[in-house]
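Structure file query08.pdb; described as PDB, C-alpha atoms and all ligand atoms.
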```pdb
ATOM      1  CA  MET M 164    -161.056  95.143 100.107  1.00  0.00           C
ATOM      2  CA  THR M 165    -158.634  95.434 102.991  1.00  0.00           C
ATOM      3  CA  GLY M 166    -158.223  92.353 105.149  1.00  0.00           C
ATOM      4  CA  THR M 167    -157.694  94.156 108.455  1.00  0.00           C
ATOM      5  CA  ALA M 168    -157.773  97.732 109.684  1.00  0.00           C
ATOM      6  CA  ALA M 169    -153.958  98.026 109.823  1.00  0.00           C
ATOM      7  CA  ALA M 170    -152.022  99.036 106.708  1.00  0.00           C
ATOM      8  CA  PRO M 171    -151.660  95.902 104.567  1.00  0.00           C
ATOM      9  CA  LYS M 172    -148.269  94.185 104.504  1.00  0.00           C
ATOM     10  CA  VAL M 173    -149.268  91.328 102.206  1.00  0.00           C
ATOM     11  CA  GLY M 174    -150.990  91.825  98.885  1.00  0.00           C
ATOM     12  CA  VAL M 175    -153.094  88.836  97.832  1.00  0.00           C
ATOM     13  CA  VAL M 176    -153.867  89.222  94.145  1.00  0.00           C
ATOM     14  CA  MET M 177    -155.519  86.901  91.654  1.00  0.00           C
ATOM     15  CA  GLY M 178    -156.157  86.886  87.942  1.00  0.00           C
ATOM     16  CA  SER M 179    -159.910  86.501  88.168  1.00  0.00           C
ATOM     17  CA  ARG M 180    -162.763  86.451  90.637  1.00  0.00           C
ATOM     18  CA  SER M 181    -162.983  82.747  89.786  1.00  0.00           C
ATOM     19  CA  ASP M 182    -159.646  82.273  91.599  1.00  0.00           C
ATOM     20  CA  TRP M 183    -161.128  83.404  94.915  1.00  0.00           C
ATOM     21  CA  GLU M 184    -162.316  79.904  95.845  1.00  0.00           C
ATOM     22  CA  THR M 185    -158.627  78.917  95.951  1.00  0.00           C
ATOM     23  CA  MET M 186    -157.090  82.144  97.199  1.00  0.00           C
ATOM     24  CA  THR M 187    -159.491  82.448 100.110  1.00  0.00           C
ATOM     25  CA  HIS M 188    -157.356  79.797 101.811  1.00  0.00           C
ATOM     26  CA  ALA M 189    -154.304  82.092 101.785  1.00  0.00           C
ATOM     27  CA  VAL M 190    -156.422  84.873 103.227  1.00  0.00           C
ATOM     28  CA  GLU M 191    -157.792  82.593 105.960  1.00  0.00           C
ATOM     29  CA  VAL M 192    -154.240  81.838 107.109  1.00  0.00           C
ATOM     30  CA  LEU M 193    -153.200  85.493 107.081  1.00  0.00           C
ATOM     31  CA  THR M 194    -156.318  86.404 109.033  1.00  0.00           C
ATOM     32  CA  GLU M 195    -155.743  83.654 111.597  1.00  0.00           C
ATOM     33  CA  LEU M 196    -152.165  84.839 112.135  1.00  0.00           C
ATOM     34  CA  GLY M 197    -153.186  88.489 112.327  1.00  0.00           C
ATOM     35  CA  VAL M 198    -151.228  89.570 109.257  1.00  0.00           C
ATOM     36  CA  PRO M 199    -152.588  92.795 107.726  1.00  0.00           C
ATOM     37  CA  HIS M 200    -153.406  92.137 104.088  1.00  0.00           C
ATOM     38  CA  GLU M 201    -155.407  93.289 101.103  1.00  0.00           C
ATOM     39  CA  VAL M 202    -157.165  91.318  98.381  1.00  0.00           C
ATOM     40  CA  ARG M 203    -157.405  92.381  94.732  1.00  0.00           C
ATOM     41  CA  VAL M 204    -158.310  90.995  91.325  1.00  0.00           C
ATOM     42  CA  VAL M 205    -155.521  92.048  88.954  1.00  0.00           C
ATOM     43  CA  SER M 206    -155.402  90.312  85.593  1.00  0.00           C
ATOM     44  CA  ALA M 207    -152.228  90.049  83.525  1.00  0.00           C
ATOM     45  CA  HIS M 208    -154.331  89.676  80.389  1.00  0.00           C
ATOM     46  CA  ARG M 209    -157.430  91.776  81.014  1.00  0.00           C
ATOM     47  CA  THR M 210    -155.960  94.626  83.085  1.00  0.00           C
ATOM     48  CA  PRO M 211    -152.238  94.766  82.216  1.00  0.00           C
ATOM     49  CA  ASP M 212    -151.925  98.482  83.067  1.00  0.00           C
ATOM     50  CA  LEU M 213    -153.424  97.866  86.505  1.00  0.00           C
ATOM     51  CA  LEU M 214    -150.935  95.031  87.026  1.00  0.00           C
ATOM     52  CA  PHE M 215    -147.994  97.344  86.316  1.00  0.00           C
ATOM     53  CA  ARG M 216    -149.424 100.066  88.560  1.00  0.00           C
ATOM     54  CA  TYR M 217    -150.091  97.607  91.398  1.00  0.00           C
ATOM     55  CA  ALA M 218    -146.550  96.242  91.302  1.00  0.00           C
ATOM     56  CA  GLU M 219    -144.947  99.677  91.043  1.00  0.00           C
ATOM     57  CA  GLU M 220    -146.946 101.230  93.873  1.00  0.00           C
ATOM     58  CA  ALA M 221    -146.992  98.283  96.298  1.00  0.00           C
ATOM     59  CA  PRO M 222    -143.675  98.971  98.128  1.00  0.00           C
ATOM     60  CA  ALA M 223    -144.519 102.624  98.832  1.00  0.00           C
ATOM     61  CA  ARG M 224    -147.870 101.525 100.270  1.00  0.00           C
ATOM     62  CA  GLY M 225    -146.111  99.257 102.781  1.00  0.00           C
ATOM     63  CA  ILE M 226    -146.682  95.938 101.021  1.00  0.00           C
ATOM     64  CA  GLU M 227    -143.757  93.630 101.835  1.00  0.00           C
ATOM     65  CA  VAL M 228    -144.841  90.369 100.190  1.00  0.00           C
ATOM     66  CA  ILE M 229    -147.141  89.618  97.259  1.00  0.00           C
ATOM     67  CA  ILE M 230    -149.098  86.386  96.907  1.00  0.00           C
ATOM     68  CA  ALA M 231    -150.359  85.950  93.356  1.00  0.00           C
ATOM     69  CA  GLY M 232    -152.756  83.229  92.246  1.00  0.00           C
ATOM     70  CA  ALA M 233    -153.598  82.524  88.638  1.00  0.00           C
ATOM     71  CA  GLY M 234    -154.692  79.709  86.387  1.00  0.00           C
ATOM     72  CA  GLY M 235    -154.100  78.570  82.821  1.00  0.00           C
ATOM     73  CA  ALA M 236    -151.523  80.739  81.050  1.00  0.00           C
ATOM     74  CA  ALA M 237    -150.689  82.141  84.464  1.00  0.00           C
ATOM     75  CA  HIS M 238    -148.550  85.204  83.771  1.00  0.00           C
ATOM     76  CA  LEU M 239    -149.634  87.240  86.780  1.00  0.00           C
ATOM     77  CA  PRO M 240    -146.991  86.164  89.335  1.00  0.00           C
ATOM     78  CA  GLY M 241    -144.123  86.432  86.855  1.00  0.00           C
ATOM     79  CA  MET M 242    -145.172  89.816  85.537  1.00  0.00           C
ATOM     80  CA  LEU M 243    -145.618  91.185  89.051  1.00  0.00           C
ATOM     81  CA  ALA M 244    -142.164  89.875  89.939  1.00  0.00           C
ATOM     82  CA  ALA M 245    -140.771  91.544  86.828  1.00  0.00           C
ATOM     83  CA  LYS M 246    -142.105  94.910  88.003  1.00  0.00           C
ATOM     84  CA  THR M 247    -141.150  94.816  91.703  1.00  0.00           C
ATOM     85  CA  ARG M 248    -138.323  93.505  93.831  1.00  0.00           C
ATOM     86  CA  LEU M 249    -140.785  92.470  96.561  1.00  0.00           C
ATOM     87  CA  PRO M 250    -140.886  88.703  97.078  1.00  0.00           C
ATOM     88  CA  VAL M 251    -143.674  87.169  94.982  1.00  0.00           C
ATOM     89  CA  PHE M 252    -145.194  83.795  95.840  1.00  0.00           C
ATOM     90  CA  GLY M 253    -147.187  82.201  93.050  1.00  0.00           C
ATOM     91  CA  VAL M 254    -150.174  79.928  93.575  1.00  0.00           C
ATOM     92  CA  PRO M 255    -151.147  77.793  90.567  1.00  0.00           C
ATOM     93  CA  VAL M 256    -154.936  77.670  90.427  1.00  0.00           C
ATOM     94  CA  GLN M 257    -156.402  74.318  89.389  1.00  0.00           C
ATOM     95  CA  SER M 258    -157.589  74.946  85.834  1.00  0.00           C
ATOM     96  CA  LYS M 259    -160.466  72.998  84.321  1.00  0.00           C
ATOM     97  CA  ALA M 260    -158.737  72.066  81.058  1.00  0.00           C
ATOM     98  CA  LEU M 261    -155.410  70.784  82.381  1.00  0.00           C
ATOM     99  CA  ASN M 262    -156.054  70.373  86.102  1.00  0.00           C
ATOM    100  CA  GLY M 263    -153.550  73.084  87.020  1.00  0.00           C
ATOM    101  CA  MET M 264    -150.486  71.628  85.312  1.00  0.00           C
ATOM    102  CA  ASP M 265    -150.598  74.569  82.887  1.00  0.00           C
ATOM    103  CA  SER M 266    -150.781  77.010  85.824  1.00  0.00           C
ATOM    104  CA  LEU M 267    -147.970  75.250  87.680  1.00  0.00           C
ATOM    105  CA  LEU M 268    -145.567  75.225  84.761  1.00  0.00           C
ATOM    106  CA  SER M 269    -146.413  78.808  83.754  1.00  0.00           C
ATOM    107  CA  ILE M 270    -145.569  80.023  87.258  1.00  0.00           C
ATOM    108  CA  ALA M 271    -142.639  77.739  88.094  1.00  0.00           C
ATOM    109  CA  GLN M 272    -140.700  77.938  84.858  1.00  0.00           C
ATOM    110  CA  MET M 273    -139.439  81.502  85.227  1.00  0.00           C
ATOM    111  CA  PRO M 274    -136.253  82.265  83.322  1.00  0.00           C
ATOM    112  CA  ALA M 275    -133.220  83.023  85.505  1.00  0.00           C
ATOM    113  CA  GLY M 276    -133.163  86.557  86.866  1.00  0.00           C
ATOM    114  CA  ILE M 277    -136.768  87.107  87.953  1.00  0.00           C
ATOM    115  CA  PRO M 278    -137.760  84.683  90.726  1.00  0.00           C
ATOM    116  CA  VAL M 279    -141.252  83.592  91.688  1.00  0.00           C
ATOM    117  CA  GLY M 280    -141.552  81.280  94.683  1.00  0.00           C
ATOM    118  CA  THR M 281    -143.962  78.682  93.361  1.00  0.00           C
ATOM    119  CA  LEU M 282    -146.301  76.756  95.638  1.00  0.00           C
ATOM    120  CA  ALA M 283    -148.415  73.649  95.049  1.00  0.00           C
ATOM    121  CA  ILE M 284    -151.528  73.626  92.877  1.00  0.00           C
ATOM    122  CA  GLY M 285    -154.748  74.696  94.557  1.00  0.00           C
ATOM    123  CA  ARG M 286    -155.693  74.870  98.234  1.00  0.00           C
ATOM    124  CA  ALA M 287    -152.395  73.477  99.602  1.00  0.00           C
ATOM    125  CA  GLY M 288    -150.461  76.086  97.645  1.00  0.00           C
ATOM    126  CA  ALA M 289    -152.698  78.897  98.823  1.00  0.00           C
ATOM    127  CA  VAL M 290    -152.437  77.853 102.479  1.00  0.00           C
ATOM    128  CA  ASN M 291    -148.656  77.527 102.213  1.00  0.00           C
ATOM    129  CA  ALA M 292    -148.328  80.858 100.419  1.00  0.00           C
ATOM    130  CA  GLY M 293    -150.045  82.472 103.396  1.00  0.00           C
ATOM    131  CA  LEU M 294    -147.716  80.667 105.796  1.00  0.00           C
ATOM    132  CA  LEU M 295    -144.644  81.555 103.753  1.00  0.00           C
ATOM    133  CA  ALA M 296    -145.594  85.219 103.560  1.00  0.00           C
ATOM    134  CA  ALA M 297    -146.078  85.191 107.334  1.00  0.00           C
ATOM    135  CA  ALA M 298    -142.692  83.510 107.813  1.00  0.00           C
ATOM    136  CA  VAL M 299    -140.988  86.272 105.833  1.00  0.00           C
ATOM    137  CA  LEU M 300    -142.652  88.972 107.921  1.00  0.00           C
ATOM    138  CA  ALA M 301    -141.917  87.044 111.122  1.00  0.00           C
ATOM    139  CA  LEU M 302    -138.192  87.553 110.519  1.00  0.00           C
ATOM    140  CA  HIS M 303    -138.651  91.043 111.975  1.00  0.00           C
ATOM    141  CA  ASP M 304    -141.865  90.558 113.956  1.00  0.00           C
ATOM    142  CA  PRO M 305    -141.499  88.493 117.170  1.00  0.00           C
ATOM    143  CA  GLN M 306    -145.258  88.511 117.827  1.00  0.00           C
ATOM    144  CA  LEU M 307    -145.944  87.017 114.413  1.00  0.00           C
ATOM    145  CA  ALA M 308    -143.122  84.493 114.927  1.00  0.00           C
ATOM    146  CA  ALA M 309    -144.859  83.365 118.128  1.00  0.00           C
ATOM    147  CA  ALA M 310    -148.197  83.111 116.278  1.00  0.00           C
ATOM    148  CA  LEU M 311    -146.561  80.924 113.622  1.00  0.00           C
ATOM    149  CA  ASP M 312    -145.012  78.694 116.289  1.00  0.00           C
ATOM    150  CA  ALA M 313    -148.415  78.351 117.940  1.00  0.00           C
ATOM    151  CA  PHE M 314    -150.032  77.484 114.571  1.00  0.00           C
ATOM    152  CA  ARG M 315    -147.512  74.670 114.067  1.00  0.00           C
ATOM    153  CA  ALA M 316    -147.825  73.399 117.628  1.00  0.00           C
ATOM    154  CA  LYS M 317    -151.618  73.278 117.237  1.00  0.00           C
ATOM    155  CA  GLN M 318    -151.450  71.273 114.029  1.00  0.00           C
ATOM    156  CA  THR M 319    -148.904  68.875 115.557  1.00  0.00           C
ATOM    157  CA  GLN M 320    -151.154  68.356 118.573  1.00  0.00           C
ATOM    158  CA  ALA M 321    -154.178  67.751 116.328  1.00  0.00           C
ATOM    159  CA  VAL M 322    -152.349  64.812 114.699  1.00  0.00           C
ATOM    160  CA  LEU M 323    -151.148  63.441 118.026  1.00  0.00           C
ATOM    161  CA  ASP M 324    -154.635  63.693 119.529  1.00  0.00           C
ATOM    162  CA  GLN M 325    -156.195  61.551 116.757  1.00  0.00           C
ATOM    163  CA  PRO M 326    -153.735  58.720 115.947  1.00  0.00           C
ATOM    164  CA  ASP M 327    -156.515  56.406 114.710  1.00  0.00           C
ATOM    165  CA  PRO M 328    -157.747  57.585 111.257  1.00  0.00           C
ATOM    166  CA  ARG M 329    -161.065  55.744 111.786  1.00  0.00           C
ATOM    167  CA  ALA M 330    -161.923  57.775 114.863  1.00  0.00           C
TER     168      ALA M 330
HETATM  169  C1  LIG M 401    -156.621  83.376  84.603  1.00  0.00           C
HETATM  170  O1  LIG M 401    -157.565  82.757  83.823  1.00  0.00           O
HETATM  171  C2  LIG M 401    -157.233  83.497  85.949  1.00  0.00           C
HETATM  172  O2  LIG M 401    -156.232  83.493  86.923  1.00  0.00           O
HETATM  173  C3  LIG M 401    -158.157  82.323  86.060  1.00  0.00           C
HETATM  174  O3  LIG M 401    -157.596  81.268  86.812  1.00  0.00           O
HETATM  175  C4  LIG M 401    -158.312  81.878  84.621  1.00  0.00           C
HETATM  176  C5  LIG M 401    -159.749  81.849  84.166  1.00  0.00           C
HETATM  177  O4  LIG M 401    -160.304  83.112  84.382  1.00  0.00           O
HETATM  178  P1  LIG M 401    -161.875  83.350  84.178  1.00  0.00           P
HETATM  179  O5  LIG M 401    -162.161  83.051  82.760  1.00  0.00           O
HETATM  180  O6  LIG M 401    -162.573  82.414  85.136  1.00  0.00           O
HETATM  181  O7  LIG M 401    -162.116  84.786  84.548  1.00  0.00           O
HETATM  182  O8  LIG M 401    -156.266  84.622  84.088  1.00  0.00           O
END
```
Would you put the structure from the file into structure tokens?
Amino acid sequence: MTGTAAAPKVGVVMGSRSDWETMTHAVEVLTELGVPHEVRVVSAHRTPDLLFRYAEEAPARGIEVIIAGAGGAAHLPGMLAAKTRLPVFGVPVQSKALNGMDSLLSIAQMPAGIPVGTLAIGRAGAVNAGLLAAAVLALHDPQLAAALDAFRAKQTQAVLDQPDPRA
């Protein structure tokens, strides 16, 4: 599934369809900011060959940033990062057994040499992964930089407009 008609610049991948409930929040942000993206299920454990192929082929297809969400023994972001020099942002999905602490530690505790930018567990991490991917692309895209500035201004104004939490 391609997010927009333009060639995707961000690859949003997840270990299972069950991760979509979380990862949809990254895709919502990318869509709102007009960032061309694609969405794929790629499992480190169930489809390891696909994982390698995805990581190896992504740069030639124009992907500039990968967002990878996974839960439990969450190897997907680290393995993708091991197979490509593209920046990889990892989103720890909130697992049922350990509430996402397993996902968080699996993604954050990369040994030195292969970085994964690790976000917060769950929805906040997915939203921020979308924003971070957009920020990277905005370094050489003034239109996207303006869209990001507008996003921030809007959220600032929303707080200022409702100072009373009971309202
Ligand atoms: C991980 O295992 C996935 O990222 C998912 O969060 C978790 C559970 O997967 P399912 O059993 O729901 O497919 O690989």
**Q.** Residues returned when the PyMOL selection byres (((not hetatm)) within 7 of (chain M and resi 401)) runs on this file, as a list in words
**A.** Met177, Gly178, Ser179, Arg180, Ser181, Asp182, Ser206, Ala207, His208, Gly232, Ala233, Gly234, Gly235, Ala236, Ala237, Val256 and Ser258 of chain M
Q.
Show me the residues close to (-145.5, 79.4, 87.1) - anything with an atom within 10 Å, counting all atoms listed in the file - and format the list as a PyMOL selection string.
A. chain M and resi 232-241+252-255+264-273+279-282
Q: Would you kindly identify which residues have an atom no farther than 10 Å from (-148.0, 79.6, 105.2), using all atoms listed in the file and the file's own coordinates, and write them out as an MDAnalysis selection string?
A: chainID M and resid 188:189 192:193 196 287:299 311 314
Find the axis-aligned box for stretch 214-220 of chain M, covering all its listed atoms and adding 3 Å on each side, and write its centre and edge lengths in Å to one decimal as AutoDock Vina command-line options.
```
--center_x -147.9 --center_y 98.1 --center_z 90.1 --size_x 12.0 --size_y 12.2 --size_z 13.6
```
Q) Near M:Gly174, within 10 Å and counting only C-alpha atoms, which residues show up once chain neighbours fewer than 6 positions away are dropped, as a ChimeraX atom specification? A) /M:165-166,190,199-203,217-218,221,225-231,251,296
**Q.** Length of the atom CA of M:Leu300 to atom CA of M:Phe215 vector [Å]
**A.** 23.8 Å
Reconstructed stretch 293-323 of chain M, atom set N, CA and C atoms, as a short mmCIF file (atom, residue, chain, number, x, y, z; two decimals), keeping the file's coordinate frame:
```cif
data_model
loop_
_atom_site.label_atom_id
_atom_site.label_comp_id
_atom_site.auth_asym_id
_atom_site.auth_seq_id
_atom_site.Cartn_x
_atom_site.Cartn_y
_atom_site.Cartn_z
N GLY M 293 -149.74 81.64 102.23
CA GLY M 293 -150.04 82.47 103.40
C GLY M 293 -149.03 82.25 104.50
N LEU M 294 -148.69 80.98 104.74
CA LEU M 294 -147.72 80.67 105.80
C LEU M 294 -146.33 81.20 105.45
N LEU M 295 -145.97 81.09 104.18
CA LEU M 295 -144.64 81.56 103.75
C LEU M 295 -144.53 83.08 103.84
N ALA M 296 -145.58 83.75 103.44
CA ALA M 296 -145.59 85.22 103.56
C ALA M 296 -145.45 85.61 105.03
N ALA M 297 -146.17 84.90 105.90
CA ALA M 297 -146.08 85.19 107.33
C ALA M 297 -144.67 84.91 107.85
N ALA M 298 -144.05 83.85 107.37
CA ALA M 298 -142.69 83.51 107.81
C ALA M 298 -141.70 84.60 107.43
N VAL M 299 -141.88 85.17 106.25
CA VAL M 299 -140.99 86.27 105.83
C VAL M 299 -141.15 87.46 106.78
N LEU M 300 -142.40 87.82 107.05
CA LEU M 300 -142.65 88.97 107.92
C LEU M 300 -142.20 88.69 109.35
N ALA M 301 -142.28 87.42 109.76
CA ALA M 301 -141.92 87.04 111.12
C ALA M 301 -140.43 87.22 111.39
N LEU M 302 -139.64 87.34 110.34
CA LEU M 302 -138.19 87.55 110.52
C LEU M 302 -137.93 88.83 111.32
N HIS M 303 -138.83 89.81 111.20
CA HIS M 303 -138.65 91.04 111.98
C HIS M 303 -139.90 91.39 112.78
N ASP M 304 -140.64 90.35 113.18
CA ASP M 304 -141.86 90.56 113.96
C ASP M 304 -142.01 89.40 114.96
N PRO M 305 -141.48 89.58 116.18
CA PRO M 305 -141.50 88.49 117.17
C PRO M 305 -142.91 88.00 117.51
N GLN M 306 -143.88 88.90 117.51
CA GLN M 306 -145.26 88.51 117.83
C GLN M 306 -145.80 87.57 116.76
N LEU M 307 -145.50 87.88 115.51
CA LEU M 307 -145.94 87.02 114.41
C LEU M 307 -145.19 85.68 114.45
N ALA M 308 -143.90 85.74 114.80
CA ALA M 308 -143.12 84.49 114.93
C ALA M 308 -143.76 83.58 115.96
N ALA M 309 -144.21 84.15 117.08
CA ALA M 309 -144.86 83.36 118.13
C ALA M 309 -146.19 82.79 117.61
N ALA M 310 -146.92 83.58 116.83
CA ALA M 310 -148.20 83.11 116.28
C ALA M 310 -147.96 81.94 115.32
N LEU M 311 -146.89 82.02 114.54
CA LEU M 311 -146.56 80.92 113.62
C LEU M 311 -146.17 79.66 114.39
N ASP M 312 -145.39 79.84 115.45
CA ASP M 312 -145.01 78.69 116.29
C ASP M 312 -146.25 78.04 116.89
N ALA M 313 -147.18 78.87 117.34
CA ALA M 313 -148.42 78.35 117.94
C ALA M 313 -149.25 77.61 116.90
N PHE M 314 -149.30 78.14 115.67
CA PHE M 314 -150.03 77.48 114.57
C PHE M 314 -149.48 76.07 114.34
N ARG M 315 -148.15 75.98 114.30
CA ARG M 315 -147.51 74.67 114.07
C ARG M 315 -147.75 73.72 115.23
N ALA M 316 -147.62 74.25 116.44
CA ALA M 316 -147.82 73.40 117.63
C ALA M 316 -149.25 72.85 117.63
N LYS M 317 -150.21 73.69 117.25
CA LYS M 317 -151.62 73.28 117.24
C LYS M 317 -151.84 72.16 116.22
N GLN M 318 -151.23 72.30 115.06
CA GLN M 318 -151.45 71.27 114.03
C GLN M 318 -150.73 69.98 114.40
N THR M 319 -149.59 70.08 115.06
CA THR M 319 -148.90 68.88 115.56
C THR M 319 -149.79 68.16 116.57
N GLN M 320 -150.33 68.94 117.51
CA GLN M 320 -151.15 68.36 118.57
C GLN M 320 -152.40 67.70 117.99
N ALA M 321 -152.96 68.31 116.94
CA ALA M 321 -154.18 67.75 116.33
C ALA M 321 -153.90 66.35 115.78
N VAL M 322 -152.71 66.14 115.21
CA VAL M 322 -152.35 64.81 114.70
C VAL M 322 -152.16 63.84 115.87
N LEU M 323 -151.43 64.31 116.88
CA LEU M 323 -151.15 63.44 118.03
C LEU M 323 -152.42 63.05 118.78
#
```
